[in-house]
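S.K.: Right, I'll just put the structure down here and ask away after.
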Amino acid sequence: MAQAGIASETIEAANGAAARDLARDYAELGARLARRGVDIEALVGHAQRFAVALPSWGVGTGGTRFGRFPQPGEPRDVFEKLEDCAVVHQLTRATPAVSLHVPWDRPADPAALRRHAEALGLAFDAMNSNTFEDHTPGQLSYKFGSLTHVDAAVREQAIALNVECIELGRALGSKALTVWIGDGGNFPGQLHLRRAFERYVDSLRAIAAKLPADWLLFLEHKLCEPAFYSTVNQDWGTSYAAATAVGPQCRCLVDLGHHAPNVNLELIVARLIQLGKLGGFHFNDSKYGDDDLDAGSIKPFQLFLIFHELVSAEAEGVAGFAPAYLLDQSHNVTDPIESLIVSAVELQRGFVKAWLVDRAKLAECQAKNDALLALQTVKEAFETDVRPILAEARRRNGGAIDPLAVVRAAGWRASCAARRPAARRATAGGIVG
Ligand code: AFD
Ligand code: MN
Ligand code: MN
């Protein structure tokens, strides 16, 4: 039986108390935007349709290599993970789907899990395969790789897990599989660099052969970790080459934390869009590496510029453009539900601000090589406070005007702690990296 989430009366009462101030702020912003020739209602419409999927592995408290500090009330299985995801969606109305990780979330009865999700108003986004850990006793080890392992038997085992993910995903209503592997070398000479890549592509082709016609296969690259010398799929160029070799159903997935320092992410996004290979995103933020901090917490301007590329592609009607959006964060000092709420709103903020960019003016600046005014044009959008638009979109969609305040006031985590005694916790919470 699905736990009902936060009482609708609680949300309505909180919204009732905040409604007057919101109406005033919304009217003021509407008037300011009208002077710029912008229709605030159109922006609310964009905010209302924005959606990002939640990672099942992101609702447990995460850890680092140095430990994990669990908190009371964490979900103990995939059913409870969905209940927490449903609360994020209930309040933000921006997270209608969940991405599962196998075997962490392997459902014994996929049909029952699907019913549970539907009762909570959730759907399933991309499936994720885990061949970066040894999770099943008696199986061959992934210590020296999975899809690129030198031993064909290990590769077959890893391919089989990915095929199982596809089968589970079909039963759940998913339409994509994301493959991230930790394969690579820790020392010079350990791997034949070209052969390892060939094995990667061969294994991916075997997986792609099992994809239903309406499914996509996403390849997630990462600069390093756990392999600290030569990761097989280490950058977007490698990912693009592999996706191209595998075929039209294969695309690249960009995790914002998986790049060399100072790389221009929005440029990568633009390139993948124009090459027809942008599959989707794992949104998070970082200062140093794969930090998995909350989206928009460190580099909000970068996030906005990424959305500027995405919205430009949508506005220009780029053929086949439909990337999947997913959060991938690890919360080790915050409540994951609160972080996911805040991050979903951050993405929505970037999306709405990107729609605010005066594209005609920007095109004119570009044509005249007016670099200064071009920057001012994008900055004008970035610096506009769109909070009333986001709040109004949530209110109209039945969510909370102030979702963070409501989740705190409703005491959701405390009620979970009472219902979910920690002893039964069996599944992995967060992960490192
Ligand atoms: C690890 C990887 C990557 C992946 C996630 C789930 O770094 O971000 O998406 O595991 O498989 O964190
Ligand atoms: Mn990721
Ligand atoms: Mn990562």
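Each chain of the structure tokens is named A, B, ... in the order shown, its residues numbered from 1; ligands are numbered from 1 in display order.
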Using only C-alpha atoms and all ligand atoms, find each residue with an atom at most 10 Å away from ligand 2 and format the answer as a list in words.

M.R.: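 My answer, listing the contacting residues, is Pro55, Asn128, Thr178, Val179, Trp180, Glu220, His221, Lys222, Leu253, Val254, Asp255, Leu256, Gly257, His258, Phe281, His282, Phe283, Asn284, Asp290, Asp292, Leu326, Leu327, Asp328, Gln329 and Gly433 of chain A.
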
S.K.: Could you pull out all residues of stretch 195-225 of chain A with a DSSP call of alpha helix (DSSP H) and give them as a list in words?

M.R.: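 Those residues are Arg195, Ala196, Phe197, Glu198, Arg199, Tyr200, Val201, Asp202, Ser203, Leu204, Arg205, Ala206, Ile207 and Ala208 of chain A.
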
S.K.: Rank nothing, just name the residue among A:Ala86, A:Ala153, A:Leu100, A:Cys224 nearest to ligand 3, using only C-alpha atoms and all ligand atoms.

M.R.: A:Cys224

S.K.: Env of A:Leu54: 12 Å cut, atoms = only C-alpha atoms, seq-sep filter 3 positions within chain, self excluded. Answer as a ChimeraX atom specification.

M.R.: /A:51,57-60,81-89,94-101,122-127,281-284,324-330,336-337,339-341,343-344

S.K.: Just the selected residues (C-alpha atoms), exported as a PDB file, in the first residue's frame, please.

M.R.:
```
ATOM      1  CA  ALA A  51      10.344  17.853 -15.726  1.00  0.00           C
ATOM      2  CA  TRP A  57      20.009   6.055  -5.555  1.00  0.00           C
ATOM      3  CA  GLY A  58      19.713   9.728  -4.591  1.00  0.00           C
ATOM      4  CA  VAL A  59      17.010   9.417  -1.933  1.00  0.00           C
ATOM      5  CA  GLY A  60      19.253   7.635   0.560  1.00  0.00           C
ATOM      6  CA  LYS A  81      12.400   5.121  -2.261  1.00  0.00           C
ATOM      7  CA  LEU A  82       9.451   5.766  -4.547  1.00  0.00           C
ATOM      8  CA  GLU A  83       7.445   7.156  -1.638  1.00  0.00           C
ATOM      9  CA  ASP A  84      10.162   9.747  -1.000  1.00  0.00           C
ATOM     10  CA  CYS A  85      10.377  10.550  -4.713  1.00  0.00           C
ATOM     11  CA  ALA A  86       6.610  11.044  -4.731  1.00  0.00           C
ATOM     12  CA  VAL A  87       6.893  13.672  -1.994  1.00  0.00           C
ATOM     13  CA  VAL A  88       9.466  15.598  -4.053  1.00  0.00           C
ATOM     14  CA  HIS A  89       7.070  15.503  -6.989  1.00  0.00           C
ATOM     15  CA  ALA A  94       8.605  18.885 -11.565  1.00  0.00           C
ATOM     16  CA  THR A  95       9.823  15.318 -10.909  1.00  0.00           C
ATOM     17  CA  PRO A  96       7.266  12.889 -12.324  1.00  0.00           C
ATOM     18  CA  ALA A  97       9.636   9.949 -13.007  1.00  0.00           C
ATOM     19  CA  VAL A  98      12.273   7.860 -11.263  1.00  0.00           C
ATOM     20  CA  SER A  99      15.392   6.230 -12.635  1.00  0.00           C
ATOM     21  CA  LEU A 100      16.192   2.817 -11.137  1.00  0.00           C
ATOM     22  CA  HIS A 101      19.537   1.174 -10.538  1.00  0.00           C
ATOM     23  CA  LEU A 122       5.160   8.360 -10.763  1.00  0.00           C
ATOM     24  CA  ALA A 123       6.550   6.803 -13.940  1.00  0.00           C
ATOM     25  CA  PHE A 124       9.929   5.228 -14.691  1.00  0.00           C
ATOM     26  CA  ASP A 125      12.734   6.973 -16.530  1.00  0.00           C
ATOM     27  CA  ALA A 126      15.982   5.366 -17.757  1.00  0.00           C
ATOM     28  CA  MET A 127      17.189   2.122 -16.185  1.00  0.00           C
ATOM     29  CA  PHE A 281      21.917  14.633 -18.510  1.00  0.00           C
ATOM     30  CA  HIS A 282      22.867  13.767 -15.008  1.00  0.00           C
ATOM     31  CA  PHE A 283      22.545  17.127 -13.306  1.00  0.00           C
ATOM     32  CA  ASN A 284      24.577  17.976 -10.225  1.00  0.00           C
ATOM     33  CA  ALA A 324      16.357  13.077 -20.936  1.00  0.00           C
ATOM     34  CA  TYR A 325      16.881  15.066 -17.753  1.00  0.00           C
ATOM     35  CA  LEU A 326      17.897  13.323 -14.561  1.00  0.00           C
ATOM     36  CA  LEU A 327      19.375  14.463 -11.263  1.00  0.00           C
ATOM     37  CA  ASP A 328      22.422  12.512 -10.074  1.00  0.00           C
ATOM     38  CA  GLN A 329      23.603  13.810  -6.732  1.00  0.00           C
ATOM     39  CA  SER A 330      24.914  12.369  -3.517  1.00  0.00           C
ATOM     40  CA  PRO A 336      18.138  13.992   0.257  1.00  0.00           C
ATOM     41  CA  ILE A 337      14.469  14.913  -0.150  1.00  0.00           C
ATOM     42  CA  SER A 339      18.243  18.590  -1.718  1.00  0.00           C
ATOM     43  CA  LEU A 340      16.274  17.010  -4.549  1.00  0.00           C
ATOM     44  CA  ILE A 341      13.494  19.566  -4.103  1.00  0.00           C
ATOM     45  CA  SER A 343      17.820  20.981  -7.182  1.00  0.00           C
ATOM     46  CA  ALA A 344      14.679  20.351  -9.234  1.00  0.00           C
TER      47      ALA A 344
END
```

S.K.: Considering only C-alpha atoms, return as a short mmCIF file (atom, residue, chain, number, x, y, z; two decimals) with C-alpha atoms, in the first residue's frame whatever protein or nucleic-acid residues lie within 9 Å of A:Phe132, sequence-local ones (same chain, fewer than 6 positions apart) excluded.

M.R.:
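Okay, this is what ended up in around30.cif:
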```cif
data_model
loop_
_atom_site.label_atom_id
_atom_site.label_comp_id
_atom_site.auth_asym_id
_atom_site.auth_seq_id
_atom_site.Cartn_x
_atom_site.Cartn_y
_atom_site.Cartn_z
CA TYR A 142 34.37 -6.84 -12.01
CA LYS A 143 37.60 -5.87 -10.26
CA GLY A 145 36.42 -4.32 -15.62
CA SER A 146 33.06 -5.38 -16.96
CA TRP A 180 28.08 3.86 -16.83
CA ILE A 181 31.06 1.59 -16.21
CA GLY A 182 34.09 2.08 -14.03
CA ASP A 183 36.29 0.22 -16.49
CA PRO A 226 37.59 4.41 -10.04
#
```

S.K.: One decimal, Å: what's the distance from atom CA of A:Ala241 over to atom CA of A:Val52, could you say?

M.R.: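 Calculated distance between atom CA of A:Ala241 and atom CA of A:Val52 is 26.8 Å.
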
S.K.: What's the 10 Å shell around A:Lys277, counting only C-alpha atoms, without same-chain residues fewer than 5 positions away, as a compact mmCIF listing (two decimals) with C-alpha atoms, in the first residue's frame?

M.R.:
```txt
# COMPACT_ATOMS: atom_id res chain seq x y z
CA PHE A 218 22.74 6.28 -23.13
CA SER A 239 31.49 8.71 -25.90
CA TYR A 240 30.47 10.18 -29.25
CA ALA A 243 27.67 5.98 -29.65
CA THR A 244 28.24 6.48 -33.37
CA PRO A 248 21.23 5.33 -34.08
CA GLN A 249 19.62 4.22 -30.81
CA CYS A 250 22.79 5.02 -28.90
CA ARG A 251 23.38 8.53 -27.50
CA CYS A 252 25.71 10.33 -25.11
CA LEU A 253 24.74 11.26 -21.57
CA VAL A 269 26.20 20.25 -25.07
CA ARG A 271 28.28 19.95 -30.12
CA LEU A 272 26.33 16.87 -29.10
CA GLY A 320 15.13 14.77 -32.96
CA PHE A 321 16.03 16.97 -30.00
CA PRO A 323 17.16 14.90 -24.16
```

S.K.: Near A:Gly73, counting only C-alpha atoms, which residues have an atom at most 7 Å away, once you skip same-chain residues fewer than 4 positions from it, shown as a list in words?

M.R.: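 That gives Arg413, Ala414, Cys416, Ala417 and Arg420 of chain A.
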
S.K.: Which one of A:Thr136, A:Gln302, A:Ser286, A:Gln48 sits closest to ligand 3 if you count only C-alpha atoms and all ligand atoms?

M.R.: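 For ligand 3, the nearest of the given residues is A:Ser286.
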
S.K.: Which residues in stretch 126-157 of chain A does DSSP call strand (DSSP E)? List them as an MDAnalysis selection string.

M.R.: chainID A and resid 126:129

S.K.: Name the closest residue to A:Gly289 among the candidates A:Ala260, A:Leu219, A:Leu362, A:Leu140; distances are taken between atoms, counting only C-alpha atoms.

M.R.: A:Ala260

S.K.: Neighbouring residues of stretch 384-389 of chain A were defined as those with any atom within 8 Å, considering only C-alpha atoms; residues of the same chain fewer than 4 positions away were excluded. Please report them as a compact mmCIF listing (two decimals) with C-alpha atoms, in the first residue's frame.

M.R.:
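Below is the file that was written, around-v7.txt:
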```
# COMPACT_ATOMS: atom_id res chain seq x y z
CA LEU A 22 2.97 35.68 -4.36
CA ASP A 25 5.28 39.62 -6.54
CA TYR A 26 3.89 37.96 -9.65
CA LEU A 29 7.36 40.91 -12.18
CA ILE A 40 4.99 36.28 -18.07
CA LEU A 43 7.14 31.69 -18.97
CA VAL A 44 4.79 30.14 -16.42
CA ALA A 47 7.90 26.28 -15.94
CA ARG A 349 14.97 28.20 -12.81
CA VAL A 352 12.83 29.47 -17.43
CA LYS A 353 15.66 32.02 -17.46
CA GLU A 380 19.88 40.20 -18.48
CA ALA A 393 3.79 27.34 -11.81
```

S.K.: For a quick check of understanding, using only C-alpha atoms and all ligand atoms, which of A:Glu118, A:Asp285, A:Asp39, A:Glu80 has the smallest distance to ligand 3?

M.R.: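 For ligand 3, the nearest of the given residues is A:Asp285.
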
S.K.: Nearest to A:Lys379 among A:Asp77, A:Glu167, A:Glu364, A:Asp358, with distances taken over only C-alpha atoms: which residue is it?

M.R.: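 Using only C-alpha atoms, A:Lys379 sits closest to A:Asp358.
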